[in-house]
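In what follows, a single structure is set out as C-alpha cells and then discussed.
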Protein chains: 6
Amino acid sequence: MHVHAFIKEMECLAPPELAEDFDTGKIGLVVEGRPEISRVCCALDVTPFVVKEAVLASADMLVVHHTPLWTPITAITGHTAGLMRALLSAEINLYVMHTNFDRAPEGVNDALAELLSLGDISPMSTGCIGSCTLSPAEISHRLGGNCRSWGEVKNVRRLAIVAGSGFDPSLLNEAQALGADTFLSAEMKHSVARTAALPCIEATHYALEAPAMQRLSTRMGWQYIDDPPLMQTIP
Amino acid sequence: MHVHAFIKEMECLAPPELAEDFDTGKIGLVVEGRPEISRVCCALDVTPFVVKEAVLASADMLVVHHTPLWTPITAITGHTAGLMRALLSAEINLYVMHTNFDRAPEGVNDALAELLSLGDISPMSTGCIGSCTLSPAEISHRLGGNCRSWGEVKNVRRLAIVAGSGFDPSLLNEAQALGADTFLSAEMKHSVARTAALPCIEATHYALEAPAMQRLSTRMGWQYIDDPPLMQTIP
Amino acid sequence: MHVHAFIKEMECLAPPELAEDFDTGKIGLVVEGRPEISRVCCALDVTPFVVKEAVLASADMLVVHHTPLWTPITAITGHTAGLMRALLSAEINLYVMHTNFDRAPEGVNDALAELLSLGDISPMSTGCIGSCTLSPAEISHRLGGNCRSWGEVKNVRRLAIVAGSGFDPSLLNEAQALGADTFLSAEMKHSVARTAALPCIEATHYALEAPAMQRLSTRMGWQYIDDPPLMQTIP
Amino acid sequence: MHVHAFIKEMECLAPPELAEDFDTGKIGLVVEGRPEISRVCCALDVTPFVVKEAVLASADMLVVHHTPLWTPITAITGHTAGLMRALLSAEINLYVMHTNFDRAPEGVNDALAELLSLGDISPMSTGCIGSCTLSPAEISHRLGGNCRSWGEVKNVRRLAIVAGSGFDPSLLNEAQALGADTFLSAEMKHSVARTAALPCIEATHYALEAPAMQRLSTRMGWQYIDDPPLMQTIP
Amino acid sequence: MHVHAFIKEMECLAPPELAEDFDTGKIGLVVEGRPEISRVCCALDVTPFVVKEAVLASADMLVVHHTPLWTPITAITGHTAGLMRALLSAEINLYVMHTNFDRAPEGVNDALAELLSLGDISPMSTGCIGSCTLSPAEISHRLGGNCRSWGEVKNVRRLAIVAGSGFDPSLLNEAQALGADTFLSAEMKHSVARTAALPCIEATHYALEAPAMQRLSTRMGWQYIDDPPLMQTIP
Amino acid sequence: MHVHAFIKEMECLAPPELAEDFDTGKIGLVVEGRPEISRVCCALDVTPFVVKEAVLASADMLVVHHTPLWTPITAITGHTAGLMRALLSAEINLYVMHTNFDRAPEGVNDALAELLSLGDISPMSTGCIGSCTLSPAEISHRLGGNCRSWGEVKNVRRLAIVAGSGFDPSLLNEAQALGADTFLSAEMKHSVARTAALPCIEATHYALEAPAMQRLSTRMGWQYIDDPPLMQTIP
C-alpha cells in the first residue's frame, strides 16, 4: 500500500479535524520514510526500545499516539538525534494520531470504557461517563495496578473517565454536574486535588491510553510494541 | 504586634525579591484582617479545615505557602466565597510566602534536606543536591509513605531534591550534570518520565513542602494546622 | 426566591449577551451570599455608604451598575477588603448589570431619554438620538445641575445621549451623521473636545446613569440607595 | 537660525530623554518645513485657529505641547488634511514637546506651581506638592475660573498638582503619603472620584498646561497664540 | 465628478473587500485634496517625478498601486514631507488600489497575463497559470528586458505568474501541483531559490505591475505617468 | 578531535554572542553525528549536492553558513527528510555559523572586503565601508558576474558592503551619512530601490557570502564544496 493510501485510511479512523488546536502540525506523517507500506508497527510513545523493535521487525510504518517532536525544533541533537537517525536510516515512516484518536469512535476513550466494562455511556466535552460495576481494586487491576485514590473513593456507580492527563477542575465540575460519583484520569496535581469536585482514581498515563493502541493493532493486524514506563510503589 | 511589623519580620524570613516572577502580586498580605497580631496559625494550603481551625484558635494571622487567589478573580463565589467569608468575618489576616520561601535559608528546600538528613549540600537553580544515606524505603517513610519510583531507583548516594512540582527536564539534566544519581520531587508527568535523565522518586507535593511550614511554626511559636490530602495506593 | 431564580429574572431584564466583551466575567453574581432572596437593595456603585445601608436594611441582595472588582485581583486588601468583609459577613449577594443594562429596554439609556422627555428616538451603536424641547439650563436642572457646555451649545433640537463616559470621536461623528445637533455624555477629555464634531453638554457619570437604577428599583419594589459623589462648581 | 540649531536648543529646554515611553516618535520635529527659522509661534494645541494665526504671522516654526499626529496614520484626510495642508503649504515647521516639557525645569508643572505661588516644593513621580496660601476660589480664579471640587475641599495647605490628565489612583495615593491634603489636576473620572484618597480640584486641561507655553513664549521672544476650548458652566 | 462618486467608481473596479488584511487602512483615499475631480493621473508609485508631473498636468486625482504611507507615521518629515507638501499644496487627491486591484478582473494579474498572451488560464490563490507560447527571451522582451532565470528554464508551456513579490515557497508548490512548468515573479530570495519547486523567471516588480496601471489609464482616459526604476545589468 | 573540542574551536572563530537575536537556537551544532571529527567539509548551504559530496568525502563534520532548519519544525518530511536522512545515516555532524560569522574577524564581511581589495575600512552597524579602486564592471567580475546596478552607479570611491540581504533603508542612510557613494548587497526590493539614499550594486547572496566559507576552508585545511545557484541573465 502506498503511504498516501495508508494516510487516507488513518484519517478515516481518526479524522484530523477532531484534534485540539494545539495538535496542529503535530499529527499525521511526522517522519517520512519509504513510500511503500507493507509492515506496520504500533506503540504509544516513540522510545528507543520501540524504535529498535520496529527496525528489527522491518517495519515500513510506525503508528503512535505521542509525537516525539512536540516542541518545535531547530536542531536535531541528543535523544532526538538518536531516535531520528534510527527511523530515517531504516526509512520507517512515523504517523501520529493524538487528540483526534482520543475522540474517534473506537478511539482512546472508547477503548478505556470497554476495558472497564462501562455501560450506559454518555459523552463529556472530553472523555465520557458510564455505569461501573467494578470495585476500585478491580479497576486498578484492569489498569495494570499501581492506581491511587484521592479523596474518599467508595462504591463506584457512575465513573467519569478521561484518558491521559485529564484532572482539570472544569472537567471535574462537568463530570459532577452530569452525575458522576468518581473521576478516573492520570497525573493528578496537588492544586487540583485540594478542590476536586469528586473523589478521584489516578492511574498512569500509559495504562489509560495504551489499551487503545493495542486494540487498534489487533484490529488492523499490526504488531503492537509494548513499552510501559517502569513505575513502582515504594513499599 | 502591628501587622506592618509582622510583615517586616516575614520579609526577613522570606525576602519577596527571591520569588519567581510569576508570584508577583500573589505573595505577602493576600487578605487583610485586623491590624493587631497576637495569635498566628500556619498551614500549607488555605482549605476549609485550615480556616475552621484558625477561627477556632482565634487567630489574627494565618501564614501559608499556597495562595487561594492564584488565578486573578473578578468575582467571589463558590468555594472561594466560603473561604473568604470565613477569613474576612473573623478578621484574620492571610500572609503567603511561596517561591520566596522555597529559596530562603531554612526555607522549603532546606527543611526537606534536613528531614532527609542530607549532607554535603550543593545548590541547584531550584532545589539542591546532597549526600544521602537512606534507602528509597526510608526516604518514603520519612515522607509519610506512598512514594513511587520511576526508572531503576537503586542505591541513592547523591540525591537531588526539588520541593513542589519539580520534575522538569532541564532540572533533571542539571542534576545529572552536577553528579546526582536520583531525583526526588512531586507530580511526575508521563512525557517527563519517558526521557528522564535520572531515576526518580515521586512523593506528594504536600509531603515535600509541609515540613518547612511545620518547622517554621515550631521555630516561631505558631500553631501549625496539618491537613494533608487524603491519598492512598489502591491495593 | 432562590438566588438562581433571581438571577434568571435579572437575565431577562438585562440579557448578558448584550454586554460588551470587556464586561466578560464582570457582570452577573459577583459576590455570593445566602441562597434565599427576599429583600433587595439597589445602587449605582458599591460604596461604603451603600454597603452600610444595605446591611442596615437586612438586604439579601444588592444590585448595582458598576462592579467593585473591575481590575482582576489576587489579594483582598484596603478599600476592597472593607467592602468585601461587610458584604460577605452579612451574606449579601452582589449582582452587577453593566453594559448589558445600558442597552436593555428600559435600561440606562432608555431611562435617561425618558428623564429628558426625548421624543422620536432613533438608536445609535451606543446610546440614542431624540427630539428635545428643553433648554440647556433645563437639561442641566433635570440632571441635578452642575452641567457644563463645550463649544457653542444653543437651541437643542436633536440631542444625542450616551449614558456614562461616551465622549468618543467615533460616537460624535455617528451622532452628527444621524442629524444630532448636540451631544450629551460624561467625562469630557481635552483631546476629544478639541475636534468634537458637535457642541457638547457634559453631565456627571452619576447623573446620567443613576436614574435607571432608581427607576428599576421603583418598578421592582426594591430599596434604592442614593449616593452621588460630592461635586461642586467652585464659585 | 537653521532648524537643526533650533532643535538643539529645544532639546536643552526639554530633553527628549525625559519623555514617557508612549511619546516615542511623537515629540520633536513632527512636520518639516523650511530649513531657516526666524519667526516662531507657540501654542498648546494645533487647532485650525492656531495654524491660521501662525500663517498670518509668517511663522517658520510652531512649537506646541500636543502633537496633532498622536495615533499613527496611513492616510491624511479630513481634519488632519486641513491642518497638514496649511502647515506644509506655508512651509511651517512643527515642533512638539510633551511629557519631556512636563518634567523639564521651568516646564509645565513648574509653571503651574509658580502660577499658584506654591512654596516649599517637593517632587512626585509626576507633578509636585507645594505649600499653598490660596483659597479654592482663588486657585480657580488664577486658572481662569470654572474649576470644580470633588469631595470636601476645605483649607488647602499642601497642594499636589499634576498638569494634564493626572487623576490616577496611584498618584493620589502617592500625594497622600507625601502629606498633601488636596489634589489638583484635570479630567476627573467617576471611577477615580469614588475612591479618591484626597479631596480634589478639577481644572481644565488647557488651564493647567497653557501657562507654561505662554511663559516659554515670553522667555524666548516668541508669539503665543491663545486658543482655549470654549467651556462654560451651565447656569 | 465629486470625489465621493469617483471613489464609488474605483470601488467597482477594485472592490476593497478583495484586499489582503495587511492592506487595511492603506487603500482607498490616502490623501484628501479638492472635492471636484475632472483631471486624473495614474502611476505605479508616488515618486517625486510622478508628483511633479501630476502637478504640471493640473491633476485633481492621482491613482496609484503602492501607498507612500505604508508604515504608519506620527511625523511628516524628509522624503515624505516633500511628497505630501506637493500633493496637499496642489490639492491633489491620492487614491490607492493595491492587493484589491491585483485580484480584480482586468486587474494586475489579468493585465500581465494578457501582456504575455497567456491562454487557457486557471487561477491560483494569488496570480494564475496559463499556456505560454513565448520563449524566455520573448517573455523578457515583453517585460522590458533585464529578466533573469533561476534553475533550468527551458521550454515554457504552462507559466505561473504572480505580479509583485511572489516567490513564496507555498505559491511555488501550489503552481507545481497545478501543472505549471515555470514560475514568473519579482524579487527572488536566495533561500527560496535554493529549494524552489520550479524553474523561475525573475522580472522587476515594476515590469510586472505597471502594465495594469497603464491599461487602466488607457481604458479610463487618464494620463499615465511612467517612472520605472533605473536598473541595468552590469556588463 | 572530539566534537566538543571542535565546537570550542569554532566558537573562537565565530563567537555565538556576536549573533543576532533571531539566530538563537539556529547556530552551533544543528545535527549531531559521530563524536570523533577528523574530516571536515564546508559549504554555504545544505543542498542535496553538498550533502552528497560530504558523504562521498566521508566527512565527519559539515560546516555551513545557513541552517537547513530555519523555521522550527514538528515534522521531518519532504526535502528536509532527504537532507536529514543523508546526514544522520552517515553520522555527519552539521555546524552552523551565521550572523556571528558575518561579524567575526576574517568573517563574511571581512572576506568580501578583501575580495574587492577595499582599503581604509570603517565599520557600519552591519557590514563596512572601504575605499574602492575597481570599476563596477570589475566588481561584478570579481563576484562571478551577473551584478546589476540600481540608480546611477558611476565612479565608485567609497563602497559600503553588506554581505547577504542588506538593502535596508536604515543601512543605506547610515552608509550615506558615513560618506559612502555606492552600496553593494543582495536581494534588492522595489520599495527600497524607490527611495534608496545611494546608488546600489546588487550581487547574488551566494556571490557575497561564499568567499568567506571558501577562505575559511583554505585556512583550516577543510574541503570546500561549491554549489552556486544556477542563475543567468536572459539575453
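Numbering starts fresh at 1 for the residues of each chain in the C-alpha cells, the chains themselves are lettered A, B, ... in the order given, and ligands are numbered from 1 as they appear.
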
Close residues, D:Gly127 itself excluded, 12 Å, only C-alpha atoms, min 2 positions apart in chain, as a ChimeraX atom specification: /D:99,101-105,107-113,121-125,129-130,159-168,171-172,174-175,183-185,208-209

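The neighbours of stretch 18-27 of chain E here are the residues that come within 10 Å of it, using only C-alpha atoms and leaving out any residue fewer than 4 positions away in the same chain; they are Ile73, Thr74 and Ala75 of chain D; Ala14, Val64, His65, His66, Thr67, Pro68, Leu69, Trp70, Thr71, Pro72, Leu94, Tyr95, Val96, Met97, His98, Thr99, Asn100, Phe101, Asp102, Arg103 and Ala104 of chain E.
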
Could you find all residues in stretch 3-153 of chain F that DSSP calls alpha helix (DSSP H) from the backbone, and write them as a ChimeraX atom specification? /F:3-13,48-56,78-89,99-103,108-115,136-142

Mind listing the strand (DSSP E or B) residues of stretch 68-140 of chain C, per DSSP on the backbone, as a list in words?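 Matching residues, listed in order: Ile73, Ile76, Asn93, Leu94, Tyr95, Val96, Gly119, Asp120, Ile121, Ser122, Pro123, Cys128, Ile129, Gly130 and Ser131 of chain C.
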
Residues just named, written with N, CA and C atoms as a compact mmCIF listing (two decimals), in the first residue's frame:
```txt
# COMPACT_ATOMS: atom_id res chain seq x y z
N ILE C 73 -8.22 40.70 40.68
CA ILE C 73 -7.40 40.79 41.89
C ILE C 73 -6.82 39.45 42.32
N ILE C 76 -7.10 40.66 48.63
CA ILE C 76 -8.26 41.42 49.09
C ILE C 76 -7.80 42.26 50.26
N ASN C 93 -25.70 38.97 48.68
CA ASN C 93 -25.28 38.74 47.30
C ASN C 93 -25.08 40.07 46.59
N LEU C 94 -24.15 40.09 45.65
CA LEU C 94 -23.96 41.30 44.84
C LEU C 94 -24.14 40.93 43.37
N TYR C 95 -25.06 41.62 42.72
CA TYR C 95 -25.34 41.32 41.31
C TYR C 95 -25.08 42.57 40.47
N VAL C 96 -24.31 42.40 39.39
CA VAL C 96 -23.93 43.54 38.56
C VAL C 96 -24.56 43.45 37.17
N GLY C 119 -38.28 62.68 22.37
CA GLY C 119 -39.29 62.05 21.51
C GLY C 119 -38.65 61.61 20.21
N ASP C 120 -39.38 60.87 19.42
CA ASP C 120 -38.92 60.48 18.08
C ASP C 120 -37.48 59.91 18.14
N ILE C 121 -37.32 58.85 18.91
CA ILE C 121 -35.99 58.34 19.24
C ILE C 121 -35.47 57.38 18.18
N SER C 122 -34.22 57.55 17.79
CA SER C 122 -33.58 56.56 16.91
C SER C 122 -32.27 56.12 17.56
N PRO C 123 -31.95 54.85 17.45
CA PRO C 123 -30.80 54.31 18.19
C PRO C 123 -29.46 54.65 17.52
N CYS C 128 -28.57 56.91 22.06
CA CYS C 128 -29.61 57.17 21.06
C CYS C 128 -29.73 58.67 20.81
N ILE C 129 -30.55 59.02 19.83
CA ILE C 129 -30.81 60.41 19.49
C ILE C 129 -32.32 60.65 19.58
N GLY C 130 -32.70 61.79 20.15
CA GLY C 130 -34.13 62.09 20.24
C GLY C 130 -34.39 63.58 20.12
N SER C 131 -35.64 63.92 19.83
CA SER C 131 -36.04 65.33 19.75
C SER C 131 -36.16 65.87 21.16
```

Distance table requested - chain E against chain F, cut-off 6 Å, only C-alpha atoms: one row per qualifying residue with the closest atom pair and its distance in Å to one decimal, ordered by chain and rising residue number, as a tab-separated table.
```
residue	atom	partner	partner_atom	distance
E:Cys147	CA	F:Ile234	CA	5.6
E:Arg148	CA	F:Thr233	CA	4.3
E:Ser149	CA	F:Gln232	CA	5.3
E:Trp150	CA	F:Met231	CA	4.6
E:Gly151	CA	F:Leu230	CA	5.1
E:Leu230	CA	F:Gly151	CA	5.1
E:Met231	CA	F:Trp150	CA	4.6
E:Gln232	CA	F:Ser149	CA	5.3
E:Thr233	CA	F:Arg148	CA	4.3
E:Ile234	CA	F:Arg148	CA	5.1
```

Write the selection just made, keeping C-alpha atoms, as a CSV table (one decimal), in the first residue's frame?
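What ended up in again.csv:
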```
chain,number,residue,atom,x,y,z
E,147,CYS,CA,14.9,39.3,-16.7
E,148,ARG,CA,16.9,36.6,-15.1
E,149,SER,CA,16.4,32.8,-14.9
E,150,TRP,CA,16.8,30.7,-11.8
E,151,GLY,CA,17.2,27.0,-12.3
E,230,LEU,CA,16.8,52.8,-13.2
E,231,MET,CA,18.1,49.3,-13.3
E,232,GLN,CA,20.8,47.7,-15.6
E,233,THR,CA,22.8,44.5,-15.8
E,234,ILE,CA,26.4,45.4,-15.3
```

Select, from F:Leu115, F:Val31, F:Leu198, F:Leu216, the residue with the minimum atom-to-atom distance to F:Met10, counting only C-alpha atoms. F:Leu216

Hey, what's within 10 Å of B:Glu91 if we count only C-alpha atoms and toss same-chain stuff fewer than 6 positions away? As a PDB file with all heavy atoms, in the first residue's frame, please?
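Contents of around-v4.pdb, freshly written:
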```pdb
ATOM      1  N   VAL B  31      -4.991  38.601  52.196  1.00  0.00           N
ATOM      2  CA  VAL B  31      -6.284  39.037  52.748  1.00  0.00           C
ATOM      3  C   VAL B  31      -5.977  39.882  53.975  1.00  0.00           C
ATOM      4  O   VAL B  31      -5.179  39.472  54.821  1.00  0.00           O
ATOM      5  CB  VAL B  31      -7.181  37.836  53.146  1.00  0.00           C
ATOM      6  CG1 VAL B  31      -8.483  38.332  53.778  1.00  0.00           C
ATOM      7  CG2 VAL B  31      -7.479  36.966  51.938  1.00  0.00           C
ATOM      8  N   GLU B  32      -6.617  41.063  54.041  1.00  0.00           N
ATOM      9  CA  GLU B  32      -6.331  41.980  55.141  1.00  0.00           C
ATOM     10  C   GLU B  32      -7.363  41.831  56.247  1.00  0.00           C
ATOM     11  O   GLU B  32      -8.567  41.938  55.994  1.00  0.00           O
ATOM     12  CB  GLU B  32      -6.328  43.426  54.617  1.00  0.00           C
ATOM     13  CG  GLU B  32      -5.915  44.429  55.672  1.00  0.00           C
ATOM     14  CD  GLU B  32      -5.796  45.842  55.113  1.00  0.00           C
ATOM     15  OE1 GLU B  32      -5.649  45.975  53.872  1.00  0.00           O
ATOM     16  OE2 GLU B  32      -5.867  46.801  55.900  1.00  0.00           O
ATOM     17  N   GLY B  33      -6.897  41.553  57.460  1.00  0.00           N
ATOM     18  CA  GLY B  33      -7.786  41.409  58.616  1.00  0.00           C
ATOM     19  C   GLY B  33      -7.547  42.531  59.618  1.00  0.00           C
ATOM     20  O   GLY B  33      -7.303  43.664  59.239  1.00  0.00           O
ATOM     21  N   ARG B  34      -7.596  42.194  60.906  1.00  0.00           N
ATOM     22  CA  ARG B  34      -7.412  43.238  61.926  1.00  0.00           C
ATOM     23  C   ARG B  34      -5.940  43.634  62.000  1.00  0.00           C
ATOM     24  O   ARG B  34      -5.052  42.827  61.666  1.00  0.00           O
ATOM     25  CB  ARG B  34      -7.919  42.747  63.275  1.00  0.00           C
ATOM     26  CG  ARG B  34      -7.127  41.637  63.901  1.00  0.00           C
ATOM     27  CD  ARG B  34      -7.668  41.305  65.299  1.00  0.00           C
ATOM     28  NE  ARG B  34      -9.015  40.770  65.235  1.00  0.00           N
ATOM     29  CZ  ARG B  34      -9.322  39.486  65.069  1.00  0.00           C
ATOM     30  NH1 ARG B  34      -8.361  38.578  64.953  1.00  0.00           N
ATOM     31  NH2 ARG B  34     -10.558  39.079  65.014  1.00  0.00           N
ATOM     32  N   PRO B  35      -5.654  44.867  62.450  1.00  0.00           N
ATOM     33  CA  PRO B  35      -4.273  45.369  62.385  1.00  0.00           C
ATOM     34  C   PRO B  35      -3.363  44.816  63.480  1.00  0.00           C
ATOM     35  O   PRO B  35      -2.150  44.879  63.347  1.00  0.00           O
ATOM     36  CB  PRO B  35      -4.435  46.881  62.523  1.00  0.00           C
ATOM     37  CG  PRO B  35      -5.764  47.089  63.152  1.00  0.00           C
ATOM     38  CD  PRO B  35      -6.623  45.925  62.802  1.00  0.00           C
ATOM     39  N   VAL B  55     -10.041  29.883  62.849  1.00  0.00           N
ATOM     40  CA  VAL B  55     -11.116  30.629  63.519  1.00  0.00           C
ATOM     41  C   VAL B  55     -11.279  30.125  64.946  1.00  0.00           C
ATOM     42  O   VAL B  55     -11.360  30.914  65.904  1.00  0.00           O
ATOM     43  CB  VAL B  55     -12.439  30.494  62.734  1.00  0.00           C
ATOM     44  CG1 VAL B  55     -13.603  31.073  63.544  1.00  0.00           C
ATOM     45  CG2 VAL B  55     -12.319  31.192  61.382  1.00  0.00           C
ATOM     46  N   SER B  58      -8.947  31.443  67.318  1.00  0.00           N
ATOM     47  CA  SER B  58      -8.971  32.909  67.437  1.00  0.00           C
ATOM     48  C   SER B  58      -7.697  33.539  66.872  1.00  0.00           C
ATOM     49  O   SER B  58      -7.141  34.487  67.437  1.00  0.00           O
ATOM     50  CB  SER B  58      -9.128  33.334  68.906  1.00  0.00           C
ATOM     51  OG  SER B  58     -10.294  32.788  69.446  1.00  0.00           O
ATOM     52  N   ALA B  59      -7.255  33.023  65.728  1.00  0.00           N
ATOM     53  CA  ALA B  59      -6.043  33.548  65.109  1.00  0.00           C
ATOM     54  C   ALA B  59      -6.273  34.944  64.558  1.00  0.00           C
ATOM     55  O   ALA B  59      -7.378  35.284  64.123  1.00  0.00           O
ATOM     56  CB  ALA B  59      -5.593  32.615  63.982  1.00  0.00           C
ATOM     57  N   ASP B  60      -5.243  35.754  64.581  1.00  0.00           N
ATOM     58  CA  ASP B  60      -5.260  37.068  63.932  1.00  0.00           C
ATOM     59  C   ASP B  60      -4.576  36.976  62.567  1.00  0.00           C
ATOM     60  O   ASP B  60      -4.723  37.858  61.726  1.00  0.00           O
ATOM     61  CB  ASP B  60      -4.493  38.089  64.773  1.00  0.00           C
ATOM     62  CG  ASP B  60      -4.984  38.111  66.196  1.00  0.00           C
ATOM     63  OD1 ASP B  60      -6.196  38.294  66.393  1.00  0.00           O
ATOM     64  OD2 ASP B  60      -4.145  37.898  67.098  1.00  0.00           O
ATOM     65  N   MET B  61      -3.800  35.932  62.401  1.00  0.00           N
ATOM     66  CA  MET B  61      -2.973  35.818  61.196  1.00  0.00           C
ATOM     67  C   MET B  61      -2.847  34.343  60.828  1.00  0.00           C
ATOM     68  O   MET B  61      -2.652  33.500  61.727  1.00  0.00           O
ATOM     69  CB  MET B  61      -1.578  36.397  61.491  1.00  0.00           C
ATOM     70  CG  MET B  61      -0.505  36.160  60.449  1.00  0.00           C
ATOM     71  SD  MET B  61      -0.874  36.883  58.830  1.00  0.00           S
ATOM     72  CE  MET B  61      -0.451  38.603  59.140  1.00  0.00           C
ATOM     73  N   ARG B  85     -15.288  34.452  53.118  1.00  0.00           N
ATOM     74  CA  ARG B  85     -16.259  34.861  54.144  1.00  0.00           C
ATOM     75  C   ARG B  85     -15.734  34.517  55.534  1.00  0.00           C
ATOM     76  O   ARG B  85     -15.773  35.353  56.441  1.00  0.00           O
ATOM     77  CB  ARG B  85     -17.602  34.181  53.913  1.00  0.00           C
ATOM     78  CG  ARG B  85     -18.631  34.508  55.014  1.00  0.00           C
ATOM     79  CD  ARG B  85     -19.991  33.901  54.750  1.00  0.00           C
ATOM     80  NE  ARG B  85     -20.532  34.462  53.522  1.00  0.00           N
ATOM     81  CZ  ARG B  85     -20.782  33.769  52.417  1.00  0.00           C
ATOM     82  NH1 ARG B  85     -20.535  32.472  52.393  1.00  0.00           N
ATOM     83  NH2 ARG B  85     -21.246  34.366  51.351  1.00  0.00           N
TER      84      ARG B  85
ATOM     85  N   ALA C  81     -11.071  45.204  50.823  1.00  0.00           N
ATOM     86  CA  ALA C  81     -11.286  44.316  51.963  1.00  0.00           C
ATOM     87  C   ALA C  81     -12.453  44.815  52.817  1.00  0.00           C
ATOM     88  O   ALA C  81     -13.285  44.029  53.281  1.00  0.00           O
ATOM     89  CB  ALA C  81     -10.014  44.213  52.805  1.00  0.00           C
ATOM     90  N   ARG C  85     -15.614  42.470  53.241  1.00  0.00           N
ATOM     91  CA  ARG C  85     -15.904  41.973  54.587  1.00  0.00           C
ATOM     92  C   ARG C  85     -17.357  42.267  54.952  1.00  0.00           C
ATOM     93  O   ARG C  85     -18.065  41.381  55.450  1.00  0.00           O
ATOM     94  CB  ARG C  85     -14.979  42.623  55.607  1.00  0.00           C
ATOM     95  CG  ARG C  85     -15.319  42.204  57.056  1.00  0.00           C
ATOM     96  CD  ARG C  85     -14.348  42.783  58.067  1.00  0.00           C
ATOM     97  NE  ARG C  85     -13.011  42.277  57.809  1.00  0.00           N
ATOM     98  CZ  ARG C  85     -11.986  43.012  57.414  1.00  0.00           C
ATOM     99  NH1 ARG C  85     -12.128  44.318  57.272  1.00  0.00           N
ATOM    100  NH2 ARG C  85     -10.828  42.463  57.182  1.00  0.00           N
TER     101      ARG C  85
END
```

Restricting the calculation to only C-alpha atoms, which member of E:Thr133, E:Ala43, E:Gly82, E:Pro169 is positioned closest to E:Ala212?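 The shortest atom-to-atom distance to E:Ala212 comes from E:Ala43.
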
What does the distance from atom CA of E:Ala90 to atom CA of E:Gly78 come to in Å, to one decimal? 18.7 Å

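The spacing separating atom CA of F:Leu62 from atom CA of F:Leu29 amounts to 10.0 Å.
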